[in-house]
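Undergrad: Pasting in a structure now, in structure tokens, and then I'll have a few things to ask.
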Amino acid sequence: MKHKFVDFIPDNLEERVVYISLEYGIVVHKCCCGCGHEVVTPLSPMGWKLTFDGETISLSPSIGSWSLACKSHYWIRNNKVEWAKQWSKRDKEKTKNKKWWWSK
């Protein structure tokens with residue numbers, strides 16, 4: 001994957017490019033599975049964190065696209081996609097019912 005630091009997220013996203021707007025505290029990319037859906041990860045102290053080592057970026061925690069048909073689950077570490085194990089229906093339900101800071 002590549003990354004681009006931008007002021008504004010472009011209307012047309014390129015495949016395998018992670019767009020980072022520090023001004024707006026947001027990271028956007030097309031889903032890594034290839035389904036073409038836009039994945040938005042807002043940066044915050046209690047949410048996703050971006051690490052930039054001068055050459056590559058990493059996002060944590062993992063990106064779980066549970067609302068998409070693909071149900072992709074992965075990390076972006078050092079500009080590479082690392083796929084997570086597939087979650088069971090029970091695992092997804094436990095996560096879905098958990099109270100997260102952003103869903104108050």
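Letters for chains follow the order of the structure tokens (A, B, ...), residue numbers begin at 1 for each chain, and ligand numbers begin at 1 in the order shown.
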Residues at most 6 Å from region 15-20 of chain A, counting only C-alpha atoms, excluding those fewer than 4 positions away in the same chain, as a PyMOL selection string?
TA: chain A and resi 1-6+27-29
Undergrad: Mind dumping the selected residues with N, CA, C and O atoms as a CSV table (one decimal), in the first residue's frame?
TA:
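File part19.csv, as written:
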chain,number,residue,atom,x,y,z
A,1,MET,N,0.8,-1.2,0.0
A,1,MET,CA,0.0,0.0,0.0
A,1,MET,C,0.9,1.2,0.0
A,1,MET,O,2.0,1.2,0.5
A,2,LYS,N,0.3,2.3,-0.5
A,2,LYS,CA,0.9,3.6,-0.5
A,2,LYS,C,0.1,4.5,0.5
A,2,LYS,O,-1.0,4.2,0.8
A,3,HIS,N,0.7,5.6,0.9
A,3,HIS,CA,-0.1,6.6,1.7
A,3,HIS,C,0.2,7.9,1.1
A,3,HIS,O,1.2,8.2,0.5
A,4,LYS,N,-0.8,8.8,1.3
A,4,LYS,CA,-0.7,10.2,0.9
A,4,LYS,C,-1.3,11.1,2.0
A,4,LYS,O,-2.4,10.9,2.4
A,5,PHE,N,-0.5,12.0,2.4
A,5,PHE,CA,-0.9,13.1,3.3
A,5,PHE,C,-1.6,14.1,2.4
A,5,PHE,O,-1.0,14.6,1.5
A,6,VAL,N,-2.9,14.5,2.8
A,6,VAL,CA,-3.6,15.4,2.0
A,6,VAL,C,-4.4,16.4,2.9
A,6,VAL,O,-4.6,16.1,4.1
A,27,VAL,N,-8.6,9.2,8.3
A,27,VAL,CA,-7.9,8.4,7.4
A,27,VAL,C,-8.9,7.6,6.5
A,27,VAL,O,-9.8,7.1,7.1
A,28,VAL,N,-8.7,7.6,5.2
A,28,VAL,CA,-9.7,7.0,4.3
A,28,VAL,C,-9.0,6.2,3.3
A,28,VAL,O,-7.9,6.6,2.8
A,29,HIS,N,-9.6,5.0,3.0
A,29,HIS,CA,-9.0,4.2,1.9
A,29,HIS,C,-10.1,3.3,1.4
A,29,HIS,O,-11.2,3.2,2.0
Undergrad: Output as a list in words all residues of chain A that backbone DSSP marks as helix (DSSP H, G or I).
TA: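 Those in chain A that DSSP calls helix (DSSP H, G or I) are Lys89, Arg90, Asp91, Lys92, Glu93, Lys94, Thr95, Lys96, Trp101, Trp102 and Ser103 of chain A.
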Undergrad: In Å, rounded to a single decimal, give me how far CA of Asp53 (chain A) is from CA of Asp11 (chain A).
TA: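 So the two atoms, CA of Asp11 (chain A) and CA of Asp53 (chain A), lie 27.1 Å apart.
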Undergrad: Using only C-alpha atoms, pick whichever of A:Asn12, A:Gln86, A:Ser60, A:Ser65 has the shortest atom-to-atom distance to Ser44 (chain A).
TA: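 Of all the options, A:Ser60 lies closest to Ser44 (chain A).
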